[in-house]
file model.pdb (PDB, C-alpha atoms, pLDDT in the B column)
ATOM      1  CA  MET A   1       0.000   0.000   0.000  1.00 66.00           C
ATOM      2  CA  PRO A   2       1.790   3.161  -1.164  1.00 73.00           C
ATOM      3  CA  GLY A   3       2.046   5.710   1.649  1.00 79.00           C
ATOM      4  CA  ASP A   4       0.790   3.403   4.466  1.00 82.00           C
ATOM      5  CA  LEU A   5       3.468   1.349   6.207  1.00 85.00           C
ATOM      6  CA  GLU A   6       1.050  -0.641   8.358  1.00 85.00           C
ATOM      7  CA  LYS A   7      -1.056  -1.831   5.384  1.00 84.00           C
ATOM      8  CA  SER A   8       1.889  -2.476   3.078  1.00 87.00           C
ATOM      9  CA  LEU A   9       2.368  -6.178   2.376  1.00 86.00           C
ATOM     10  CA  LEU A  10       5.936  -5.506   1.252  1.00 86.00           C
ATOM     11  CA  ILE A  11       6.887  -3.831   4.541  1.00 87.00           C
ATOM     12  CA  LYS A  12       5.200  -6.615   6.508  1.00 88.00           C
ATOM     13  CA  ALA A  13       7.250  -9.186   4.584  1.00 88.00           C
ATOM     14  CA  ILE A  14      10.650  -7.520   4.970  1.00 88.00           C
ATOM     15  CA  ARG A  15      10.065  -6.764   8.678  1.00 88.00           C
ATOM     16  CA  TYR A  16       9.351 -10.486   9.346  1.00 87.00           C
ATOM     17  CA  THR A  17       6.222  -9.587  11.394  1.00 84.00           C
ATOM     18  CA  ASP A  18       4.129 -12.363   9.825  1.00 82.00           C
ATOM     19  CA  GLU A  19       5.242 -15.971  10.293  1.00 80.00           C
ATOM     20  CA  ASP A  20       3.890 -17.002   6.843  1.00 82.00           C
ATOM     21  CA  LEU A  21       5.286 -14.029   4.960  1.00 83.00           C
ATOM     22  CA  LYS A  22       9.042 -13.511   5.103  1.00 84.00           C
ATOM     23  CA  MET A  23      11.100 -11.804   2.466  1.00 85.00           C
ATOM     24  CA  PRO A  24      13.791 -12.682   1.599  1.00 86.00           C
ATOM     25  CA  PRO A  25      13.076 -16.221   2.814  1.00 81.00           C
ATOM     26  CA  LYS A  26      16.723 -16.946   3.739  1.00 83.00           C
ATOM     27  CA  GLY A  27      17.645 -14.255   6.225  1.00 83.00           C
ATOM     28  CA  ARG A  28      16.560 -10.733   7.073  1.00 86.00           C
ATOM     29  CA  LEU A  29      17.568  -7.549   5.330  1.00 88.00           C
ATOM     30  CA  SER A  30      19.691  -5.072   7.271  1.00 90.00           C
ATOM     31  CA  ALA A  31      17.917  -2.384   9.298  1.00 91.00           C
ATOM     32  CA  GLU A  32      19.236   0.266   6.886  1.00 92.00           C
ATOM     33  CA  VAL A  33      17.732  -1.500   3.863  1.00 90.00           C
ATOM     34  CA  VAL A  34      14.375  -1.946   5.645  1.00 89.00           C
ATOM     35  CA  ALA A  35      14.451   1.768   6.541  1.00 92.00           C
ATOM     36  CA  ASP A  36      15.072   2.630   2.888  1.00 90.00           C
ATOM     37  CA  PHE A  37      12.058   0.556   1.848  1.00 88.00           C
ATOM     38  CA  GLU A  38       9.927   2.198   4.539  1.00 88.00           C
ATOM     39  CA  ALA A  39      10.936   5.677   3.352  1.00 90.00           C
ATOM     40  CA  TRP A  40      10.152   4.672  -0.236  1.00 87.00           C
ATOM     41  CA  VAL A  41       6.675   3.400   0.707  1.00 88.00           C
ATOM     42  CA  LYS A  42       6.026   6.582   2.739  1.00 88.00           C
ATOM     43  CA  ARG A  43       6.845   8.631  -0.390  1.00 86.00           C
ATOM     44  CA  GLY A  44       4.123   6.736  -2.256  1.00 84.00           C
ATOM     45  CA  ALA A  45       6.317   3.999  -3.800  1.00 82.00           C
ATOM     46  CA  PRO A  46       7.214   5.989  -6.941  1.00 82.00           C
ATOM     47  CA  ASP A  47       8.664   4.165  -9.937  1.00 79.00           C
ATOM     48  CA  PRO A  48      12.407   4.841  -9.744  1.00 76.00           C
ATOM     49  CA  ARG A  49      12.725   4.649 -13.540  1.00 79.00           C
ATOM     50  CA  SER A  50      10.739   7.864 -14.058  1.00 75.00           C
ATOM     51  CA  LYS A  51      11.914  11.218 -12.761  1.00 67.00           C
ATOM     52  CA  GLY A  52       9.668  12.818 -10.187  1.00 59.00           C
ATOM     53  CA  ALA A  53       7.124  10.015 -10.447  1.00 52.00           C
ATOM     54  CA  THR A  54       4.602   9.509  -7.720  1.00 53.00           C
ATOM     55  CA  ALA A  55       2.245   6.674  -7.071  1.00 47.00           C
ATOM     56  CA  ALA A  56      -0.746   8.969  -7.593  1.00 53.00           C
ATOM     57  CA  LYS A  57      -3.115   7.627 -10.172  1.00 58.00           C
ATOM     58  CA  LYS A  58      -3.026   9.423 -13.469  1.00 65.00           C
ATOM     59  CA  GLU A  59      -6.193  10.436 -15.220  1.00 76.00           C
ATOM     60  CA  ILE A  60      -6.834   8.530 -18.401  1.00 81.00           C
ATOM     61  CA  ASN A  61      -8.157  10.634 -21.236  1.00 85.00           C
ATOM     62  CA  ILE A  62     -10.268   8.271 -23.321  1.00 88.00           C
ATOM     63  CA  GLU A  63     -10.939  10.827 -26.059  1.00 88.00           C
ATOM     64  CA  ALA A  64      -7.233  11.546 -26.500  1.00 87.00           C
ATOM     65  CA  GLY A  65      -6.642   7.799 -26.709  1.00 88.00           C
ATOM     66  CA  LYS A  66      -9.235   7.470 -29.457  1.00 90.00           C
ATOM     67  CA  ALA A  67      -7.302  10.067 -31.467  1.00 91.00           C
ATOM     68  CA  TYR A  68      -4.137   7.909 -31.448  1.00 92.00           C
ATOM     69  CA  TRP A  69      -3.058   7.148 -35.026  1.00 91.00           C
ATOM     70  CA  ALA A  70      -3.315   3.359 -34.645  1.00 92.00           C
ATOM     71  CA  PHE A  71      -7.011   3.617 -33.820  1.00 91.00           C
ATOM     72  CA  GLN A  72      -7.906   5.731 -36.843  1.00 92.00           C
ATOM     73  CA  PRO A  73      -9.835   4.098 -39.687  1.00 93.00           C
ATOM     74  CA  LEU A  74      -7.788   3.285 -42.748  1.00 92.00           C
ATOM     75  CA  LYS A  75      -8.101   5.686 -45.655  1.00 91.00           C
ATOM     76  CA  PRO A  76      -6.989   4.717 -49.129  1.00 91.00           C
ATOM     77  CA  PRO A  77      -4.108   6.940 -50.230  1.00 92.00           C
ATOM     78  CA  ALA A  78      -4.341   8.982 -53.393  1.00 94.00           C
ATOM     79  CA  VAL A  79      -2.836   7.001 -56.255  1.00 92.00           C
ATOM     80  CA  PRO A  80      -0.066   9.077 -57.868  1.00 92.00           C
ATOM     81  CA  ALA A  81      -0.283   9.978 -61.539  1.00 89.00           C
ATOM     82  CA  VAL A  82       2.551   8.371 -63.493  1.00 88.00           C
ATOM     83  CA  LYS A  83       3.732   8.336 -67.087  1.00 85.00           C
ATOM     84  CA  SER A  84       4.086   4.547 -67.193  1.00 78.00           C
ATOM     85  CA  ARG A  85       1.043   2.413 -67.850  1.00 76.00           C
ATOM     86  CA  THR A  86       0.140   0.444 -64.732  1.00 76.00           C
ATOM     87  CA  ALA A  87      -1.951  -2.685 -64.379  1.00 76.00           C
ATOM     88  CA  ASN A  88      -2.746  -2.064 -60.738  1.00 86.00           C
ATOM     89  CA  PRO A  89      -2.655   0.892 -58.326  1.00 89.00           C
ATOM     90  CA  VAL A  90       0.251  -0.526 -56.318  1.00 91.00           C
ATOM     91  CA  ASP A  91       2.421  -0.278 -59.441  1.00 90.00           C
ATOM     92  CA  ALA A  92       1.654   3.446 -59.640  1.00 91.00           C
ATOM     93  CA  PHE A  93       3.405   4.020 -56.288  1.00 93.00           C
ATOM     94  CA  VAL A  94       6.472   2.087 -57.464  1.00 91.00           C
ATOM     95  CA  PHE A  95       6.561   3.879 -60.819  1.00 91.00           C
ATOM     96  CA  ALA A  96       6.177   7.270 -59.112  1.00 92.00           C
ATOM     97  CA  LYS A  97       9.335   6.611 -57.061  1.00 93.00           C
ATOM     98  CA  LEU A  98      11.180   5.363 -60.137  1.00 92.00           C
ATOM     99  CA  GLU A  99      10.186   8.464 -62.113  1.00 92.00           C
ATOM    100  CA  ALA A 100      11.225  10.739 -59.242  1.00 93.00           C
ATOM    101  CA  ALA A 101      14.649   9.068 -59.261  1.00 95.00           C
ATOM    102  CA  GLY A 102      14.887   9.316 -63.059  1.00 93.00           C
ATOM    103  CA  ILE A 103      14.867   5.543 -63.500  1.00 92.00           C
ATOM    104  CA  ALA A 104      12.926   3.841 -66.265  1.00 88.00           C
ATOM    105  CA  PRO A 105      11.191   0.574 -65.366  1.00 85.00           C
ATOM    106  CA  ASN A 106      12.414  -2.633 -66.950  1.00 86.00           C
ATOM    107  CA  PRO A 107      10.354  -4.065 -69.778  1.00 87.00           C
ATOM    108  CA  PRO A 108       7.977  -6.916 -68.896  1.00 86.00           C
ATOM    109  CA  ALA A 109       9.726 -10.268 -68.486  1.00 92.00           C
ATOM    110  CA  ASP A 110       9.271 -12.924 -71.130  1.00 94.00           C
ATOM    111  CA  ARG A 111       7.445 -16.154 -70.266  1.00 95.00           C
ATOM    112  CA  ARG A 112      10.627 -18.196 -69.755  1.00 96.00           C
ATOM    113  CA  ARG A 113      11.868 -15.738 -67.150  1.00 97.00           C
ATOM    114  CA  LEU A 114       8.466 -15.583 -65.446  1.00 96.00           C
ATOM    115  CA  ILE A 115       8.224 -19.328 -64.881  1.00 97.00           C
ATOM    116  CA  ARG A 116      11.843 -19.458 -63.763  1.00 97.00           C
ATOM    117  CA  ARG A 117      11.369 -16.619 -61.259  1.00 97.00           C
ATOM    118  CA  ALA A 118       8.113 -18.032 -59.901  1.00 97.00           C
ATOM    119  CA  THR A 119       9.501 -21.536 -59.517  1.00 97.00           C
ATOM    120  CA  PHE A 120      12.696 -20.394 -57.804  1.00 96.00           C
ATOM    121  CA  ASP A 121      10.756 -18.039 -55.503  1.00 95.00           C
ATOM    122  CA  LEU A 122       8.134 -20.558 -54.439  1.00 95.00           C
ATOM    123  CA  LEU A 123       9.972 -23.876 -54.594  1.00 95.00           C
ATOM    124  CA  GLY A 124      13.638 -22.932 -54.439  1.00 93.00           C
ATOM    125  CA  ILE A 125      14.425 -25.119 -57.454  1.00 94.00           C
ATOM    126  CA  PRO A 126      14.438 -24.434 -61.211  1.00 96.00           C
ATOM    127  CA  PRO A 127      11.557 -25.549 -63.418  1.00 97.00           C
ATOM    128  CA  THR A 128      12.049 -28.592 -65.603  1.00 96.00           C
ATOM    129  CA  PRO A 129      12.431 -28.053 -69.364  1.00 97.00           C
ATOM    130  CA  VAL A 130       9.044 -29.740 -69.883  1.00 97.00           C
ATOM    131  CA  GLU A 131       7.393 -27.273 -67.445  1.00 96.00           C
ATOM    132  CA  VAL A 132       9.025 -24.313 -69.197  1.00 97.00           C
ATOM    133  CA  ASP A 133       7.925 -25.487 -72.656  1.00 97.00           C
ATOM    134  CA  ALA A 134       4.357 -26.123 -71.450  1.00 96.00           C
ATOM    135  CA  TYR A 135       4.116 -22.670 -69.860  1.00 97.00           C
ATOM    136  CA  VAL A 136       5.591 -20.882 -72.897  1.00 96.00           C
ATOM    137  CA  ALA A 137       3.133 -22.696 -75.180  1.00 97.00           C
ATOM    138  CA  ASP A 138       0.112 -21.864 -72.971  1.00 95.00           C
ATOM    139  CA  GLU A 139      -1.457 -18.749 -74.524  1.00 93.00           C
ATOM    140  CA  ALA A 140      -4.436 -18.535 -72.118  1.00 95.00           C
ATOM    141  CA  PRO A 141      -4.827 -15.211 -70.283  1.00 93.00           C
ATOM    142  CA  ASP A 142      -4.931 -17.007 -66.922  1.00 95.00           C
ATOM    143  CA  ALA A 143      -1.806 -19.115 -67.594  1.00 95.00           C
ATOM    144  CA  HIS A 144       0.290 -17.328 -64.974  1.00 95.00           C
ATOM    145  CA  ALA A 145      -2.401 -17.642 -62.285  1.00 96.00           C
ATOM    146  CA  ARG A 146      -2.740 -21.361 -63.016  1.00 96.00           C
ATOM    147  CA  LEU A 147       1.051 -21.759 -62.879  1.00 97.00           C
ATOM    148  CA  LEU A 148       1.147 -20.131 -59.458  1.00 97.00           C
ATOM    149  CA  ASP A 149      -1.706 -22.343 -58.233  1.00 97.00           C
ATOM    150  CA  ARG A 150       0.162 -25.452 -59.398  1.00 96.00           C
ATOM    151  CA  LEU A 151       3.390 -24.336 -57.724  1.00 97.00           C
ATOM    152  CA  LEU A 152       1.635 -23.513 -54.467  1.00 97.00           C
ATOM    153  CA  ALA A 153      -0.014 -26.947 -54.459  1.00 97.00           C
ATOM    154  CA  ARG A 154       3.300 -28.811 -54.801  1.00 96.00           C
ATOM    155  CA  PRO A 155       4.861 -30.452 -51.739  1.00 95.00           C
ATOM    156  CA  GLU A 156       8.144 -28.653 -52.452  1.00 94.00           C
ATOM    157  CA  TYR A 157       6.436 -25.363 -51.598  1.00 95.00           C
ATOM    158  CA  GLY A 158       5.494 -26.657 -48.145  1.00 93.00           C
ATOM    159  CA  GLU A 159       8.955 -28.108 -47.628  1.00 92.00           C
ATOM    160  CA  ARG A 160      10.629 -24.819 -48.536  1.00 91.00           C
ATOM    161  CA  TRP A 161       8.554 -22.762 -46.138  1.00 89.00           C
ATOM    162  CA  ALA A 162       8.571 -25.380 -43.380  1.00 92.00           C
ATOM    163  CA  ARG A 163      12.348 -25.032 -43.358  1.00 88.00           C
ATOM    164  CA  HIS A 164      12.028 -21.329 -42.503  1.00 86.00           C
ATOM    165  CA  TRP A 165       9.560 -22.011 -39.697  1.00 87.00           C
ATOM    166  CA  LEU A 166      11.673 -24.832 -38.329  1.00 90.00           C
ATOM    167  CA  ASP A 167      14.629 -22.425 -38.264  1.00 88.00           C
ATOM    168  CA  VAL A 168      12.518 -19.940 -36.297  1.00 88.00           C
ATOM    169  CA  ALA A 169      11.564 -22.703 -33.854  1.00 88.00           C
ATOM    170  CA  ARG A 170      15.263 -23.669 -33.668  1.00 85.00           C
ATOM    171  CA  PHE A 171      14.499 -27.242 -34.666  1.00 80.00           C
TER
END
call {"tool": "encode", "arguments": {"input": "model.pdb", "output": "structure tokens"}}
result
Amino acid sequence: MPGDLEKSLLIKAIRYTDEDLKMPPKGRLSAEVVADFEAWVKRGAPDPRSKGATAAKKEINIEAGKAYWAFQPLKPPAVPAVKSRTANPVDAFVFAKLEAAGIAPNPPADRRRLIRRATFDLLGIPPTPVEVDAYVADEAPDAHARLLDRLLARPEYGERWARHWLDVARF
């Protein structure tokens, strides 16, 4: 109890006045140390890590808390106008930074590079020549989405990512 020595459980424990409550359990503290604790409790048991802190309760301002940035609803940012043609709004942010730095974006990757990148990224191994030829020959507009679905369904994908999680778990 901050400020009240007689109601303070801590002071009762370090004084050894209660047979069931003794702190430290193996021998008493010196009289000087007990006196220091008593003075600290009389002052209100302030947190020594903060300067001038007291044990007085602070008022909590709920309205100020509601204004904290993390509790604000998300607002979609304005998509920047860019010279490059973009397929999705996220690309516009990337292209805006590239344009500001005076860098031109690379041309779109050909199909051989796309399958190679996707397979290395998801499985950690290169695609087979048969897989590359099949993907290059597939002219359907959803060919890349189907490729990604196939790669994600392969056991090698699970093995690759399980390795990362097992490293985190220190297995």
call {"tool": "atom_distance", "arguments": {"input": "model.pdb", "atom1": "atom CA of A:Ala13", "atom2": "atom CA of A:Asp47"}}
result
19.8 Å
call {"tool": "atom_distance", "arguments": {"input": "model.pdb", "atom1": "atom CA of A:Phe37", "atom2": "atom CA of A:Leu5"}}
result
9.7 Å
call {"tool": "residues_around", "arguments": {"input": "model.pdb", "residues": "stretch 150-157 of chain A", "least_positions_apart": "2", "cutoff": "6 Å", "atoms": "all atoms listed in the file", "output": "list in words"}}
result
Leu122, Leu123, Leu147, Leu148, Glu159 and Arg160 of chain A
call {"tool": "write_last_selection", "arguments": {"input": "model.pdb", "atoms": "C-alpha atoms", "output": "mmCIF file, in the frame of the given file"}}
result
data_model
loop_
_atom_site.group_PDB
_atom_site.id
_atom_site.type_symbol
_atom_site.label_atom_id
_atom_site.label_comp_id
_atom_site.auth_asym_id
_atom_site.auth_seq_id
_atom_site.Cartn_x
_atom_site.Cartn_y
_atom_site.Cartn_z
ATOM 1 C CA LEU A 122 8.134 -20.558 -54.439
ATOM 2 C CA LEU A 123 9.972 -23.876 -54.594
ATOM 3 C CA LEU A 147 1.051 -21.759 -62.879
ATOM 4 C CA LEU A 148 1.147 -20.131 -59.458
ATOM 5 C CA GLU A 159 8.955 -28.108 -47.628
ATOM 6 C CA ARG A 160 10.629 -24.819 -48.536
#
call {"tool": "resolve_selection", "arguments": {"input": "model.pdb", "expression": "the PyMOL selection byres ((chain A and resi 81) around 12)", "output": "list in words"}}
result
Ala78, Val79, Pro80, Val82, Lys83, Ser84, Arg85, Thr86, Pro89, Val90, Asp91, Ala92, Phe93, Val94, Phe95, Ala96, Lys97, Glu99 and Ala100 of chain A
call {"tool": "resolve_selection", "arguments": {"input": "model.pdb", "expression": "the PyMOL selection byres ((chain A and resi 41) around 10)", "output": "ChimeraX atom specification"}}
result
/A:1-5,8,10-11,35-40,42-46,55
call {"tool": "residues_around", "arguments": {"input": "model.pdb", "residues": "A:Pro25", "least_positions_apart": "4", "cutoff": "10 Å", "atoms": "all atoms listed in the file", "output": "VMD selection string"}}
result
chain A and resid 13 to 14 16 21
call {"tool": "atom_distance", "arguments": {"input": "model.pdb", "atom1": "atom CA of A:Ala87", "atom2": "atom CA of A:Pro105"}}
result
13.6 Å
call {"tool": "axis_aligned_box", "arguments": {"input": "model.pdb", "around": "stretch 44-47 of chain A", "padding_each_side": "4 Å", "output": "JSON"}}
result
{"center_x": 6.4, "center_y": 5.4, "center_z": -6.1, "size_x": 12.5, "size_y": 10.7, "size_z": 15.7}
call {"tool": "resolve_selection", "arguments": {"input": "model.pdb", "expression": "the PyMOL selection byres ((chain A and resi 124-133) around 10)", "output": "number ranges by chain"}}
result
A: 111-123, 134-138, 147, 156-157, 159-161
call {"tool": "build_atoms", "arguments": {"input": "model.pdb", "residues": "stretch 132-156 of chain A", "atoms": "N, CA, C and O atoms", "output": "PDB file, keeping the file's coordinate frame"}}
result
ATOM      1  N   VAL A 132       8.776 -25.580 -68.497  1.00 97.00           N
ATOM      2  CA  VAL A 132       9.025 -24.313 -69.197  1.00 97.00           C
ATOM      3  C   VAL A 132       8.340 -24.321 -70.557  1.00 97.00           C
ATOM      4  O   VAL A 132       7.630 -23.376 -70.918  1.00 97.00           O
ATOM      5  N   ASP A 133       8.533 -25.407 -71.321  1.00 97.00           N
ATOM      6  CA  ASP A 133       7.925 -25.487 -72.656  1.00 97.00           C
ATOM      7  C   ASP A 133       6.402 -25.445 -72.580  1.00 97.00           C
ATOM      8  O   ASP A 133       5.749 -24.777 -73.391  1.00 97.00           O
ATOM      9  N   ALA A 134       5.816 -26.119 -71.596  1.00 96.00           N
ATOM     10  CA  ALA A 134       4.357 -26.123 -71.450  1.00 96.00           C
ATOM     11  C   ALA A 134       3.848 -24.726 -71.112  1.00 96.00           C
ATOM     12  O   ALA A 134       2.822 -24.285 -71.646  1.00 96.00           O
ATOM     13  N   TYR A 135       4.547 -24.019 -70.243  1.00 97.00           N
ATOM     14  CA  TYR A 135       4.116 -22.670 -69.860  1.00 97.00           C
ATOM     15  C   TYR A 135       4.267 -21.692 -71.022  1.00 97.00           C
ATOM     16  O   TYR A 135       3.379 -20.862 -71.267  1.00 97.00           O
ATOM     17  N   VAL A 136       5.361 -21.773 -71.750  1.00 96.00           N
ATOM     18  CA  VAL A 136       5.591 -20.882 -72.897  1.00 96.00           C
ATOM     19  C   VAL A 136       4.525 -21.124 -73.971  1.00 96.00           C
ATOM     20  O   VAL A 136       4.049 -20.174 -74.600  1.00 96.00           O
ATOM     21  N   ALA A 137       4.122 -22.369 -74.148  1.00 97.00           N
ATOM     22  CA  ALA A 137       3.133 -22.696 -75.180  1.00 97.00           C
ATOM     23  C   ALA A 137       1.703 -22.346 -74.758  1.00 97.00           C
ATOM     24  O   ALA A 137       0.822 -22.215 -75.615  1.00 97.00           O
ATOM     25  N   ASP A 138       1.466 -22.162 -73.466  1.00 95.00           N
ATOM     26  CA  ASP A 138       0.112 -21.864 -72.971  1.00 95.00           C
ATOM     27  C   ASP A 138      -0.209 -20.393 -73.220  1.00 95.00           C
ATOM     28  O   ASP A 138       0.358 -19.505 -72.590  1.00 95.00           O
ATOM     29  N   GLU A 139      -1.111 -20.127 -74.147  1.00 93.00           N
ATOM     30  CA  GLU A 139      -1.457 -18.749 -74.524  1.00 93.00           C
ATOM     31  C   GLU A 139      -2.652 -18.202 -73.746  1.00 93.00           C
ATOM     32  O   GLU A 139      -3.059 -17.060 -73.966  1.00 93.00           O
ATOM     33  N   ALA A 140      -3.238 -18.974 -72.847  1.00 95.00           N
ATOM     34  CA  ALA A 140      -4.436 -18.535 -72.118  1.00 95.00           C
ATOM     35  C   ALA A 140      -4.111 -17.325 -71.239  1.00 95.00           C
ATOM     36  O   ALA A 140      -3.007 -17.205 -70.707  1.00 95.00           O
ATOM     37  N   PRO A 141      -5.085 -16.405 -71.095  1.00 93.00           N
ATOM     38  CA  PRO A 141      -4.827 -15.211 -70.283  1.00 93.00           C
ATOM     39  C   PRO A 141      -4.601 -15.527 -68.796  1.00 93.00           C
ATOM     40  O   PRO A 141      -3.957 -14.757 -68.095  1.00 93.00           O
ATOM     41  N   ASP A 142      -5.107 -16.661 -68.331  1.00 95.00           N
ATOM     42  CA  ASP A 142      -4.931 -17.007 -66.922  1.00 95.00           C
ATOM     43  C   ASP A 142      -3.790 -18.009 -66.707  1.00 95.00           C
ATOM     44  O   ASP A 142      -3.700 -18.646 -65.659  1.00 95.00           O
ATOM     45  N   ALA A 143      -2.890 -18.131 -67.669  1.00 95.00           N
ATOM     46  CA  ALA A 143      -1.806 -19.115 -67.594  1.00 95.00           C
ATOM     47  C   ALA A 143      -0.913 -18.870 -66.380  1.00 95.00           C
ATOM     48  O   ALA A 143      -0.518 -19.816 -65.694  1.00 95.00           O
ATOM     49  N   HIS A 144      -0.609 -17.617 -66.103  1.00 95.00           N
ATOM     50  CA  HIS A 144       0.290 -17.328 -64.974  1.00 95.00           C
ATOM     51  C   HIS A 144      -0.406 -17.656 -63.648  1.00 95.00           C
ATOM     52  O   HIS A 144       0.227 -18.219 -62.737  1.00 95.00           O
ATOM     53  N   ALA A 145      -1.666 -17.327 -63.514  1.00 96.00           N
ATOM     54  CA  ALA A 145      -2.401 -17.642 -62.285  1.00 96.00           C
ATOM     55  C   ALA A 145      -2.464 -19.154 -62.068  1.00 96.00           C
ATOM     56  O   ALA A 145      -2.282 -19.636 -60.941  1.00 96.00           O
ATOM     57  N   ARG A 146      -2.698 -19.900 -63.134  1.00 96.00           N
ATOM     58  CA  ARG A 146      -2.740 -21.361 -63.016  1.00 96.00           C
ATOM     59  C   ARG A 146      -1.362 -21.918 -62.660  1.00 96.00           C
ATOM     60  O   ARG A 146      -1.249 -22.859 -61.887  1.00 96.00           O
ATOM     61  N   LEU A 147      -0.309 -21.337 -63.226  1.00 97.00           N
ATOM     62  CA  LEU A 147       1.051 -21.759 -62.879  1.00 97.00           C
ATOM     63  C   LEU A 147       1.298 -21.566 -61.381  1.00 97.00           C
ATOM     64  O   LEU A 147       1.793 -22.473 -60.706  1.00 97.00           O
ATOM     65  N   LEU A 148       0.938 -20.401 -60.872  1.00 97.00           N
ATOM     66  CA  LEU A 148       1.147 -20.131 -59.458  1.00 97.00           C
ATOM     67  C   LEU A 148       0.344 -21.095 -58.591  1.00 97.00           C
ATOM     68  O   LEU A 148       0.843 -21.591 -57.572  1.00 97.00           O
ATOM     69  N   ASP A 149      -0.888 -21.379 -58.985  1.00 97.00           N
ATOM     70  CA  ASP A 149      -1.706 -22.343 -58.233  1.00 97.00           C
ATOM     71  C   ASP A 149      -1.042 -23.715 -58.200  1.00 97.00           C
ATOM     72  O   ASP A 149      -1.012 -24.384 -57.164  1.00 97.00           O
ATOM     73  N   ARG A 150      -0.513 -24.151 -59.336  1.00 96.00           N
ATOM     74  CA  ARG A 150       0.162 -25.452 -59.398  1.00 96.00           C
ATOM     75  C   ARG A 150       1.405 -25.471 -58.501  1.00 96.00           C
ATOM     76  O   ARG A 150       1.654 -26.441 -57.783  1.00 96.00           O
ATOM     77  N   LEU A 151       2.177 -24.394 -58.546  1.00 97.00           N
ATOM     78  CA  LEU A 151       3.390 -24.336 -57.724  1.00 97.00           C
ATOM     79  C   LEU A 151       3.057 -24.321 -56.232  1.00 97.00           C
ATOM     80  O   LEU A 151       3.723 -24.976 -55.427  1.00 97.00           O
ATOM     81  N   LEU A 152       2.026 -23.581 -55.875  1.00 97.00           N
ATOM     82  CA  LEU A 152       1.635 -23.513 -54.467  1.00 97.00           C
ATOM     83  C   LEU A 152       1.082 -24.839 -53.956  1.00 97.00           C
ATOM     84  O   LEU A 152       1.138 -25.125 -52.761  1.00 97.00           O
ATOM     85  N   ALA A 153       0.552 -25.655 -54.852  1.00 97.00           N
ATOM     86  CA  ALA A 153      -0.014 -26.947 -54.459  1.00 97.00           C
ATOM     87  C   ALA A 153       1.050 -28.038 -54.351  1.00 97.00           C
ATOM     88  O   ALA A 153       0.767 -29.114 -53.821  1.00 97.00           O
ATOM     89  N   ARG A 154       2.249 -27.779 -54.821  1.00 96.00           N
ATOM     90  CA  ARG A 154       3.300 -28.811 -54.801  1.00 96.00           C
ATOM     91  C   ARG A 154       3.885 -28.990 -53.404  1.00 96.00           C
ATOM     92  O   ARG A 154       3.987 -28.031 -52.632  1.00 96.00           O
ATOM     93  N   PRO A 155       4.271 -30.216 -53.061  1.00 95.00           N
ATOM     94  CA  PRO A 155       4.861 -30.452 -51.739  1.00 95.00           C
ATOM     95  C   PRO A 155       6.166 -29.675 -51.521  1.00 95.00           C
ATOM     96  O   PRO A 155       6.491 -29.320 -50.388  1.00 95.00           O
ATOM     97  N   GLU A 156       6.884 -29.389 -52.590  1.00 94.00           N
ATOM     98  CA  GLU A 156       8.144 -28.653 -52.452  1.00 94.00           C
ATOM     99  C   GLU A 156       7.921 -27.259 -51.867  1.00 94.00           C
ATOM    100  O   GLU A 156       8.778 -26.724 -51.169  1.00 94.00           O
TER     101      GLU A 156
END
